file entry-v9.txt (compact mmCIF, C-alpha atoms)
# COMPACT_ATOMS: atom_id res chain seq x y z
CA MET A 14 0.00 0.00 0.00
CA THR A 15 1.13 3.52 -0.76
CA ILE A 16 -0.35 6.85 0.31
CA GLU A 17 -0.46 9.34 -2.52
CA GLU A 18 -1.67 12.91 -2.42
CA ILE A 19 -3.71 13.88 -5.47
CA ASN A 20 -5.60 17.17 -5.83
CA GLY A 21 -5.14 17.85 -2.14
CA LYS A 22 -6.50 14.47 -0.98
CA ALA A 23 -4.57 11.50 0.44
CA TYR A 24 -5.41 8.14 -1.15
CA LYS A 25 -4.39 4.72 0.19
CA LEU A 26 -3.65 2.88 -3.07
CA PRO A 27 -1.99 -0.34 -4.24
CA GLY A 28 1.50 0.04 -5.62
CA SER A 29 2.41 -0.46 -9.30
CA LEU A 30 -0.79 0.95 -10.78
CA ASN A 31 -0.55 2.04 -14.40
CA LYS A 32 -1.91 5.42 -15.50
CA PHE A 33 -5.41 4.16 -16.29
CA GLN A 34 -5.65 2.09 -13.11
CA LYS A 35 -4.65 5.01 -10.91
CA GLN A 36 -7.10 7.32 -12.67
CA MET A 37 -9.93 4.79 -12.23
CA TYR A 38 -9.06 3.98 -8.62
CA VAL A 39 -9.02 7.64 -7.63
CA HIS A 40 -12.34 8.21 -9.40
CA LEU A 41 -13.94 5.16 -7.72
CA ILE A 42 -12.65 6.17 -4.30
CA ASP A 43 -14.07 9.66 -4.77
CA TYR A 44 -17.41 8.05 -5.67
CA LYS A 45 -17.22 5.82 -2.58
CA TRP A 46 -16.48 8.79 -0.31
CA GLU A 47 -19.36 10.79 -1.77
CA HIS A 48 -22.05 8.09 -2.11
CA ILE A 49 -21.20 5.18 0.23
CA THR A 50 -18.71 5.76 3.06
CA THR A 51 -15.39 7.40 3.90
CA ASP A 52 -14.28 4.43 6.00
CA VAL A 53 -11.33 2.39 4.76
CA GLY A 54 -11.50 -1.28 3.94
CA LEU A 55 -9.01 -3.91 5.06
CA TYR A 56 -7.05 -6.49 3.08
CA LYS A 57 -5.32 -9.26 5.01
CA TYR A 58 -1.81 -9.97 3.78
CA LYS A 59 0.57 -12.30 5.61
CA GLY A 60 -1.57 -12.07 8.73
CA LYS A 61 -1.68 -8.28 8.73
CA ASP A 62 -4.63 -6.00 7.96
CA ILE A 63 -3.70 -3.37 5.38
CA GLU A 64 -5.91 -0.35 4.78
CA TYR A 65 -7.08 0.51 1.26
CA ASP A 66 -9.50 3.25 0.32
CA ALA A 67 -10.89 1.36 -2.68
CA ILE A 68 -12.09 -1.53 -0.50
CA LEU A 69 -15.43 -1.19 1.26
CA PRO A 70 -15.41 -1.83 5.00
CA LYS A 71 -17.04 -4.86 6.61
CA PRO A 72 -19.78 -4.91 7.56
CA THR A 73 -21.58 -2.39 5.38
CA PRO A 74 -25.22 -1.44 6.08
CA ASN A 75 -26.04 -2.58 2.53
CA LYS A 76 -24.65 -6.03 1.62
CA TYR A 77 -24.55 -5.05 -2.06
CA PRO A 78 -23.59 -1.35 -2.01
CA LEU A 79 -22.21 -1.42 -5.56
CA MET A 80 -25.23 -3.02 -7.22
CA TYR A 81 -27.69 -1.05 -9.31
CA LEU A 82 -30.86 -1.17 -7.21
CA SER A 83 -33.31 -2.46 -9.84
CA ILE A 84 -31.28 -5.65 -10.52
CA LEU A 85 -30.74 -6.63 -6.89
CA THR A 86 -33.83 -8.85 -6.56
CA ASP A 87 -32.89 -10.83 -9.66
CA LEU A 88 -29.28 -11.11 -8.55
CA LYS A 89 -30.41 -12.67 -5.26
CA GLN A 90 -32.80 -15.03 -7.06
CA HIS A 91 -30.01 -16.02 -9.46
CA LEU A 92 -27.79 -16.82 -6.48
CA ILE A 93 -30.49 -19.14 -5.11
CA LYS A 94 -31.22 -20.91 -8.41
CA TYR A 95 -27.65 -20.92 -9.77
CA PRO A 96 -25.27 -20.27 -6.85
CA PHE A 97 -21.93 -18.77 -7.75
CA LYS A 98 -19.01 -17.60 -5.69
CA LEU A 99 -18.85 -13.87 -5.10
CA HIS A 100 -15.23 -12.83 -5.53
CA ILE A 101 -13.23 -12.00 -2.44
CA HIS A 102 -13.17 -8.40 -3.67
CA PHE A 103 -16.80 -8.21 -4.80
CA ASN A 104 -17.15 -5.17 -2.53
CA HIS A 105 -14.01 -3.60 -3.91
CA MET A 106 -14.85 -0.43 -5.82
CA ALA A 107 -12.86 -1.77 -8.78
CA SER A 108 -14.49 -5.22 -8.71
CA SER A 109 -14.71 -6.51 -12.27
CA GLN A 110 -17.34 -9.03 -11.18
CA ALA A 111 -19.59 -6.29 -9.77
CA ALA A 112 -19.01 -4.09 -12.82
CA ASN A 113 -19.95 -7.01 -15.09
CA VAL A 114 -23.26 -7.53 -13.27
CA ASN A 115 -23.99 -3.80 -13.36
CA LEU A 116 -23.28 -3.66 -17.09
CA PHE A 117 -25.33 -6.59 -18.35
CA LEU A 118 -28.22 -7.32 -15.99
CA PRO A 119 -30.08 -4.02 -16.53
CA ILE A 120 -30.10 -4.82 -20.26
CA LEU A 121 -30.85 -8.54 -19.98
CA LEU A 122 -33.81 -7.85 -17.67
CA SER A 123 -35.13 -5.06 -19.90
CA SER A 124 -37.91 -5.40 -22.45
CA LYS A 125 -35.44 -3.79 -24.88
CA ALA A 126 -32.82 -6.54 -24.49
CA ASN A 127 -33.23 -7.94 -28.01
CA GLU A 128 -32.89 -4.53 -29.68
CA ILE A 129 -29.75 -3.70 -27.72
CA LEU A 130 -27.93 -7.03 -27.97
CA ARG A 131 -28.64 -7.20 -31.70
CA LEU A 132 -26.56 -4.03 -32.08
CA LEU A 133 -23.61 -5.75 -30.39
CA LYS A 134 -23.89 -9.17 -32.04
CA PRO A 135 -25.28 -9.28 -35.60
CA ASP A 136 -26.45 -12.91 -35.46
CA PHE A 137 -28.45 -12.23 -32.29
CA LYS A 138 -32.20 -12.47 -32.83
CA GLU A 139 -33.85 -13.10 -29.48
CA LEU A 140 -32.87 -13.75 -25.87
CA ALA A 141 -33.72 -17.35 -24.92
CA VAL A 142 -35.49 -16.38 -21.70
CA ASN A 143 -36.44 -19.98 -20.85
CA GLU A 144 -32.80 -21.04 -20.69
CA LEU A 145 -30.49 -20.61 -17.68
CA TYR A 146 -31.76 -17.77 -15.44
CA LYS A 147 -34.05 -15.68 -17.67
CA GLY A 148 -31.66 -16.27 -20.56
CA PHE A 149 -28.34 -15.69 -18.82
CA ARG A 150 -26.08 -17.03 -16.12
CA ILE A 151 -23.31 -15.36 -14.11
CA GLU A 152 -19.99 -17.21 -13.62
CA TYR A 153 -21.02 -19.94 -16.07
CA TRP A 154 -18.80 -22.98 -16.61
CA ASP A 155 -20.96 -25.65 -18.20
CA GLY A 156 -24.15 -25.86 -16.23
CA ASN A 157 -23.80 -29.50 -15.24
CA SER A 158 -23.65 -29.58 -11.46
CA ASN A 159 -23.08 -33.34 -11.56
CA LYS A 160 -19.81 -32.82 -13.46
CA VAL A 161 -17.66 -31.77 -10.52
CA LYS A 162 -14.66 -30.78 -12.61
CA GLY A 163 -16.63 -29.50 -15.60
CA LEU A 164 -16.17 -30.24 -19.27
CA LEU A 165 -12.56 -29.04 -19.21
CA LYS A 166 -11.83 -31.07 -16.05
CA ASP A 167 -10.29 -28.02 -14.42
CA HIS A 168 -13.03 -26.84 -12.08
CA SER A 169 -12.75 -26.77 -8.29
CA ALA A 170 -14.18 -24.75 -5.42
CA LEU A 171 -11.33 -22.28 -5.80
CA SER A 172 -10.46 -22.17 -9.50
CA GLY A 173 -11.32 -23.26 -13.02
CA THR A 174 -12.37 -21.89 -16.37
CA ASP A 175 -15.65 -20.04 -16.40
CA SER A 176 -17.32 -17.20 -18.22
CA ASP A 177 -18.19 -14.00 -16.36
CA ILE A 178 -21.59 -14.12 -18.01
CA ALA A 179 -23.22 -16.47 -20.51
CA ILE A 180 -26.16 -15.37 -22.66
CA ALA A 181 -28.46 -17.91 -24.31
CA TYR A 182 -30.10 -16.66 -27.50
CA TYR A 183 -31.66 -17.63 -30.79
CA ASN A 184 -29.70 -16.60 -33.86
CA GLN A 185 -31.11 -15.41 -37.17
CA LYS A 186 -31.65 -19.06 -38.18
CA ASP A 187 -33.67 -19.66 -34.97
CA GLU A 188 -30.93 -21.93 -33.62
CA LEU A 189 -30.27 -21.93 -29.87
CA CYS A 190 -26.80 -20.53 -29.25
CA LEU A 191 -24.65 -19.44 -26.32
CA TRP A 192 -22.52 -16.32 -25.97
CA LEU A 193 -19.72 -16.49 -23.39
CA ILE A 194 -18.36 -13.13 -22.22
CA GLU A 195 -15.30 -12.28 -20.14
CA HIS A 196 -15.45 -8.85 -18.49
CA LYS A 197 -12.42 -6.75 -17.58
CA LEU A 198 -12.40 -3.42 -15.78
CA THR A 199 -8.94 -2.36 -14.55
CA GLU A 200 -6.94 -5.57 -15.08
CA LYS A 201 -3.54 -5.17 -16.75
CA GLU A 202 -3.58 -8.65 -18.26
CA PHE A 203 -5.65 -11.77 -18.67
CA THR A 204 -4.92 -14.76 -16.44
CA VAL A 205 -1.66 -16.40 -17.51
CA CYS A 206 -0.84 -20.12 -17.51
CA GLY A 207 -0.79 -21.57 -14.00
CA GLY A 208 1.04 -24.67 -15.21
CA PHE A 209 3.94 -22.66 -16.67
CA LYS A 210 4.66 -20.99 -13.33
CA SER A 211 3.65 -23.93 -11.08
CA LYS A 212 6.24 -25.24 -8.63
CA ALA A 213 4.86 -28.72 -9.35
CA ARG A 214 5.89 -28.54 -13.02
CA ASP A 215 8.74 -30.93 -13.77
CA LYS A 216 10.87 -29.17 -16.37
CA SER A 217 12.34 -32.50 -17.44
CA LYS A 218 8.85 -33.72 -18.42
CA HIS A 219 6.80 -30.60 -19.16
CA PHE A 220 8.13 -28.56 -22.08
CA CYS A 221 6.48 -25.16 -22.38
CA GLU A 222 9.08 -24.22 -24.99
CA LYS A 223 7.51 -26.67 -27.47
CA SER A 224 5.26 -25.37 -30.22
CA PHE A 225 1.53 -25.88 -30.67
CA SER A 226 2.11 -28.66 -33.23
CA GLU A 227 4.71 -30.39 -31.07
CA LEU A 228 2.41 -30.35 -28.04
CA LEU A 229 -0.40 -31.88 -30.09
CA LEU A 230 1.96 -34.71 -31.09
CA ASN A 231 2.75 -35.41 -27.46
CA LYS A 232 0.20 -33.83 -25.16
CA ASP A 233 1.90 -35.25 -22.06
CA ASP A 234 4.61 -32.64 -22.58
CA CYS A 235 2.12 -30.16 -21.13
CA PHE A 236 1.77 -30.01 -17.35
CA HIS A 237 -1.99 -29.48 -17.62
CA HIS A 238 -2.46 -32.64 -19.67
CA SER A 239 -0.20 -35.17 -17.94
CA PHE A 240 -0.19 -33.85 -14.38
CA ARG A 241 -3.65 -32.31 -14.06
CA GLY A 242 -5.58 -34.41 -16.59
CA ARG A 243 -7.27 -31.43 -18.19
CA GLU A 244 -8.96 -31.43 -21.58
CA TYR A 245 -7.22 -28.38 -23.03
CA TRP A 246 -5.08 -30.13 -25.64
CA ASN A 247 -7.67 -32.75 -26.56
CA LEU A 248 -10.08 -29.93 -27.42
CA SER A 249 -7.32 -27.98 -29.17
CA GLU A 250 -6.60 -31.00 -31.34
CA SER A 251 -10.25 -31.52 -32.31
CA ASN A 252 -10.51 -27.79 -33.13
CA LYS A 253 -6.98 -27.13 -34.36
CA SER A 254 -8.17 -25.41 -37.54
CA PHE A 255 -9.44 -22.59 -35.33
CA PHE A 256 -5.86 -21.74 -34.29
CA VAL A 257 -4.88 -21.28 -37.91
CA ASN A 258 -1.73 -19.19 -37.35
CA HIS A 259 -0.16 -21.26 -34.58
CA SER A 260 3.03 -21.73 -36.63
CA LYS A 261 3.94 -18.10 -35.94
CA HIS A 262 4.71 -19.15 -32.36
CA ASP A 263 7.91 -21.10 -31.68
CA SER A 264 6.79 -22.14 -28.18
CA CYS A 265 3.41 -22.74 -26.56
CA PRO A 266 1.26 -19.70 -27.44
CA PHE A 267 -0.69 -19.99 -24.19
CA LYS A 268 1.91 -19.26 -21.52
CA GLY A 269 1.00 -15.59 -21.23
CA GLY A 270 -2.15 -13.52 -21.54
CA MET A 271 -3.66 -15.64 -24.31
CA ASN A 272 -4.07 -18.48 -21.82
CA GLN A 273 -7.39 -17.24 -20.43
CA LEU A 274 -8.71 -16.49 -23.90
CA TRP A 275 -7.74 -20.00 -25.04
CA ARG A 276 -9.43 -21.68 -22.07
CA ASN A 277 -12.67 -19.74 -22.48
CA GLN A 278 -12.73 -20.56 -26.18
CA LEU A 279 -12.13 -24.23 -25.36
CA LEU A 280 -15.06 -24.12 -22.95
CA GLY A 281 -17.18 -23.01 -25.90
CA PHE A 282 -15.91 -25.90 -28.04
CA ALA A 283 -16.54 -28.36 -25.21
CA ILE A 284 -20.14 -27.17 -24.87
CA GLU A 285 -20.68 -27.51 -28.62
CA GLN A 286 -19.33 -31.07 -28.54
CA ASP A 287 -21.27 -32.16 -25.44
CA GLU A 288 -24.38 -34.08 -26.49
CA LYS A 289 -26.15 -33.05 -23.27
CA GLN A 290 -25.88 -29.37 -24.18
CA PRO A 291 -28.61 -27.86 -26.41
CA TYR A 292 -26.52 -25.12 -28.01
CA LYS A 293 -25.85 -25.22 -31.74
CA GLU A 294 -23.01 -22.68 -31.63
CA VAL A 295 -20.99 -21.07 -28.85
CA SER A 296 -19.02 -17.87 -29.32
CA PHE A 297 -16.72 -16.01 -26.94
CA SER A 298 -16.11 -12.29 -26.39
CA VAL A 299 -14.19 -9.94 -24.14
CA VAL A 300 -15.76 -6.68 -22.97
CA HIS A 301 -13.48 -4.13 -21.37
CA HIS A 302 -13.37 -0.51 -20.28
CA PRO A 303 -12.66 1.73 -23.30
CA ASN A 304 -9.67 3.36 -21.61
CA ASN A 305 -8.05 0.08 -20.55
CA THR A 306 -5.61 -0.49 -23.41
CA ALA A 307 -3.28 -2.79 -21.42
CA LEU A 308 -5.23 -5.82 -22.64
CA ASN A 309 -4.95 -4.93 -26.31
CA ASN A 310 -1.68 -6.75 -26.99
CA SER A 311 -2.97 -10.15 -25.82
CA MET A 312 -6.26 -9.69 -27.68
CA GLU A 313 -4.52 -8.70 -30.91
CA GLN A 314 -2.16 -11.68 -30.63
CA TYR A 315 -5.13 -13.97 -30.09
CA LYS A 316 -7.02 -12.53 -33.05
CA ASP A 317 -3.95 -13.13 -35.20
CA LEU A 318 -3.55 -16.67 -33.85
CA THR A 319 -7.15 -17.45 -34.83
CA GLY A 320 -7.06 -15.61 -38.15
CA ASN A 321 -9.70 -13.14 -36.88
CA ASN A 322 -12.23 -15.94 -36.56
CA PRO A 323 -15.67 -14.39 -35.81
CA LYS A 324 -16.24 -16.87 -32.96
CA PHE A 325 -14.10 -14.47 -30.92
CA PHE A 326 -14.47 -10.70 -30.82
CA ALA A 327 -13.97 -7.88 -28.33
CA PHE A 328 -15.95 -4.75 -27.56
CA THR A 329 -16.02 -2.04 -24.88
CA SER A 330 -18.42 -1.13 -22.12
CA LYS A 331 -18.92 2.18 -23.96
CA GLN A 332 -20.25 0.27 -26.97
CA VAL A 333 -22.72 -1.48 -24.66
CA ILE A 334 -23.84 1.83 -23.17
CA ASP A 335 -24.09 3.47 -26.60
CA SER A 336 -26.23 0.57 -27.86
CA ALA A 337 -28.54 0.89 -24.86
CA SER A 338 -28.81 4.64 -25.42
CA LYS A 339 -30.13 4.12 -28.93
CA VAL A 340 -33.38 2.46 -27.77
CA LYS A 341 -34.37 5.58 -25.76
CA ASP A 342 -35.92 3.76 -22.79
CA THR A 343 -36.73 5.82 -19.68
CA GLU A 344 -35.67 3.18 -17.15
CA LEU A 345 -32.48 2.39 -19.03
CA LYS A 346 -31.70 6.09 -19.30
CA GLU A 347 -31.47 6.31 -15.51
CA TRP A 348 -29.20 3.27 -15.37
CA ILE A 349 -27.00 4.63 -18.18
CA GLY A 350 -26.42 7.85 -16.28
CA TRP A 351 -25.62 5.95 -13.09
CA TYR A 352 -23.25 3.50 -14.81
CA LYS A 353 -21.38 6.22 -16.70
CA GLU A 354 -20.86 8.20 -13.50
CA LEU A 355 -19.70 5.22 -11.45
CA TYR A 356 -17.35 3.69 -14.01
CA MET A 357 -16.16 6.82 -15.77
CA VAL A 358 -17.42 5.83 -19.22

call {"tool": "encode", "arguments": {"input": "entry-v9.txt", "output": "structure tokens"}}
result
Amino acid sequence: MTIEEINGKAYKLPGSLNKFQKQMYVHLIDYKWEHITTDVGLYKYKGKDIEYDAILPKPTPNKYPLMYLSILTDLKQHLIKYPFKLHIHFNHMASSQAANVNLFLPILLSSKANEILRLLKPDFKELAVNELYKGFRIEYWDGNSNKVKGLLKDHSALSGTDSDIAIAYYNQKDELCLWLIEHKLTEKEFTVCGGFKSKARDKSKHFCEKSFSELLLNKDDCFHHSFRGREYWNLSESNKSFFVNHSKHDSCPFKGGMNQLWRNQLLGFAIEQDEKQPYKEVSFSVVHHPNNTALNNSMEQYKDLTGNNPKFFAFTSKQVIDSASKVKDTELKEWIGWYKELYMV
């Protein structure tokens, strides 16, 4: 933690923030001080409580102080029907999970949902409201509670591949489809490969320096395949044409920021190939704050790796807000103003 004076105010901030992160943190803290509380929150590190202004204190009078009020009832009902783990920093002002809920639920629960989402995804025809929870599900992994590890065999109580939000819809051919979306607010990078940096990785058996093609020839060279028994490379092999430009990478392309993009895309392939799943096609997107450019490099590399395949595309929260603005709905207008103020869009 570092204390920094900005515009005459002292802020308790994390160290190593980039320009955008610092700008957003200061803005969110100012919002917290004005609308919620001036009390600091605590983060426990190595047995010590460290004060941060961006964290909300516990307890707070309102359990969900960051949630847009009109979606709160549905959020609670979703948690009952489809329980999901609230992130440890859900009540952090910069919580990407909270921002994701605030961005999509007001639209998904609106009578204007189809008009808005069609502007973001051209093949979108109609929200499949009878699927999942009213057509969507937060922190979706594959929907089969009986599959403890999930379709990728990487799920546990603490980790695993999931989508921040999944939207079930009918496309222009009236086929039931699924749209997986990863949301990023202030993150500098996507999640990198846990196997590459794992202390359990045996460097005499697990060769991260091998190429995509070489790893397909001997999947056991990957820590995730031989040590963890995950389905990543099996799915990559059955969908290898998707990663059309893999030869541009001398070593495994998925050691860095493309790892999370790869795993989410593989989740989509796994759902398509699972006979128990009803979805004809599954696509994957990233939505991010328009001023967060730190993620661009990984996304551009991934687009190149996949030859700009339309099953993956990225857009910004501003594009979502602009699409919602076009339908000129009174209730959504109030939410738009609130969201833009809170998240500096």

call {"tool": "residues_around", "arguments": {"input": "entry-v9.txt", "residues": "Asp155 of chain A", "least_positions_apart": "5", "cutoff": "8 Å", "atoms": "all atoms listed in the file", "output": "MDAnalysis selection string"}}
result
chainID A and resid 163:164 175 280 284

call {"tool": "closest_residue", "arguments": {"input": "entry-v9.txt", "among": "A:Asp287, A:Glu202, A:Asp167, A:Glu227", "to": "Tyr245 of chain A", "atoms": "all atoms listed in the file"}}
result
A:Asp167

call {"tool": "closest_residue", "arguments": {"input": "entry-v9.txt", "among": "A:Tyr24, A:Phe297, A:Phe117, A:Trp46", "to": "Ala337 of chain A", "atoms": "all atoms listed in the file"}}
result
A:Phe117

call {"tool": "residues_around", "arguments": {"input": "entry-v9.txt", "residues": "segment 254-263 of chain A", "least_positions_apart": "2", "cutoff": "9 Å", "atoms": "all atoms listed in the file", "output": "PyMOL selection string"}}
result
chain A and resi 222-226+249-252+265-266+315+317-320+322

call {"tool": "closest_residue", "arguments": {"input": "entry-v9.txt", "among": "A:Val142, A:Leu171, A:Ile151, A:Ala283", "to": "Pro96 of chain A", "atoms": "all atoms listed in the file"}}
result
A:Ile151

call {"tool": "build_atoms", "arguments": {"input": "entry-v9.txt", "residues": "segment 120-135 of chain A", "atoms": "N, CA and C atoms", "output": "mmCIF file, in the frame of the given file"}}
result
data_model
loop_
_atom_site.group_PDB
_atom_site.id
_atom_site.type_symbol
_atom_site.label_atom_id
_atom_site.label_comp_id
_atom_site.auth_asym_id
_atom_site.auth_seq_id
_atom_site.Cartn_x
_atom_site.Cartn_y
_atom_site.Cartn_z
ATOM 1 N N ILE A 120 -29.698 -4.588 -18.863
ATOM 2 C CA ILE A 120 -30.100 -4.820 -20.260
ATOM 3 C C ILE A 120 -30.836 -6.140 -20.397
ATOM 4 N N LEU A 121 -30.273 -7.199 -19.833
ATOM 5 C CA LEU A 121 -30.850 -8.540 -19.980
ATOM 6 C C LEU A 121 -32.240 -8.634 -19.346
ATOM 7 N N LEU A 122 -32.504 -7.833 -18.337
ATOM 8 C CA LEU A 122 -33.810 -7.850 -17.670
ATOM 9 C C LEU A 122 -34.778 -6.823 -18.260
ATOM 10 N N SER A 123 -34.311 -6.100 -19.274
ATOM 11 C CA SER A 123 -35.130 -5.060 -19.900
ATOM 12 C C SER A 123 -35.968 -5.626 -21.047
ATOM 13 N N SER A 124 -37.082 -5.015 -21.302
ATOM 14 C CA SER A 124 -37.910 -5.400 -22.450
ATOM 15 C C SER A 124 -37.229 -5.029 -23.770
ATOM 16 N N LYS A 125 -36.178 -4.230 -23.688
ATOM 17 C CA LYS A 125 -35.440 -3.790 -24.880
ATOM 18 C C LYS A 125 -34.191 -4.637 -25.140
ATOM 19 N N ALA A 126 -34.045 -5.734 -24.402
ATOM 20 C CA ALA A 126 -32.820 -6.540 -24.490
ATOM 21 C C ALA A 126 -32.492 -6.959 -25.920
ATOM 22 N N ASN A 127 -33.492 -7.440 -26.655
ATOM 23 C CA ASN A 127 -33.230 -7.940 -28.010
ATOM 24 C C ASN A 127 -32.710 -6.832 -28.921
ATOM 25 N N GLU A 128 -33.317 -5.651 -28.833
ATOM 26 C CA GLU A 128 -32.890 -4.530 -29.680
ATOM 27 C C GLU A 128 -31.452 -4.135 -29.392
ATOM 28 N N ILE A 129 -31.091 -4.142 -28.119
ATOM 29 C CA ILE A 129 -29.750 -3.700 -27.720
ATOM 30 C C ILE A 129 -28.697 -4.730 -28.098
ATOM 31 N N LEU A 130 -28.936 -5.985 -27.732
ATOM 32 C CA LEU A 130 -27.930 -7.030 -27.970
ATOM 33 C C LEU A 130 -27.722 -7.291 -29.452
ATOM 34 N N ARG A 131 -28.757 -7.053 -30.248
ATOM 35 C CA ARG A 131 -28.640 -7.200 -31.700
ATOM 36 C C ARG A 131 -27.632 -6.206 -32.275
ATOM 37 N N LEU A 132 -27.517 -5.042 -31.632
ATOM 38 C CA LEU A 132 -26.560 -4.030 -32.080
ATOM 39 C C LEU A 132 -25.118 -4.439 -31.782
ATOM 40 N N LEU A 133 -24.941 -5.308 -30.789
ATOM 41 C CA LEU A 133 -23.610 -5.750 -30.390
ATOM 42 C C LEU A 133 -23.184 -7.028 -31.105
ATOM 43 N N LYS A 134 -24.183 -7.865 -31.436
ATOM 44 C CA LYS A 134 -23.890 -9.170 -32.040
ATOM 45 C C LYS A 134 -24.859 -9.396 -33.201
ATOM 46 N N PRO A 135 -24.387 -9.263 -34.424
ATOM 47 C CA PRO A 135 -25.280 -9.280 -35.600
ATOM 48 C C PRO A 135 -26.132 -10.531 -35.752
#
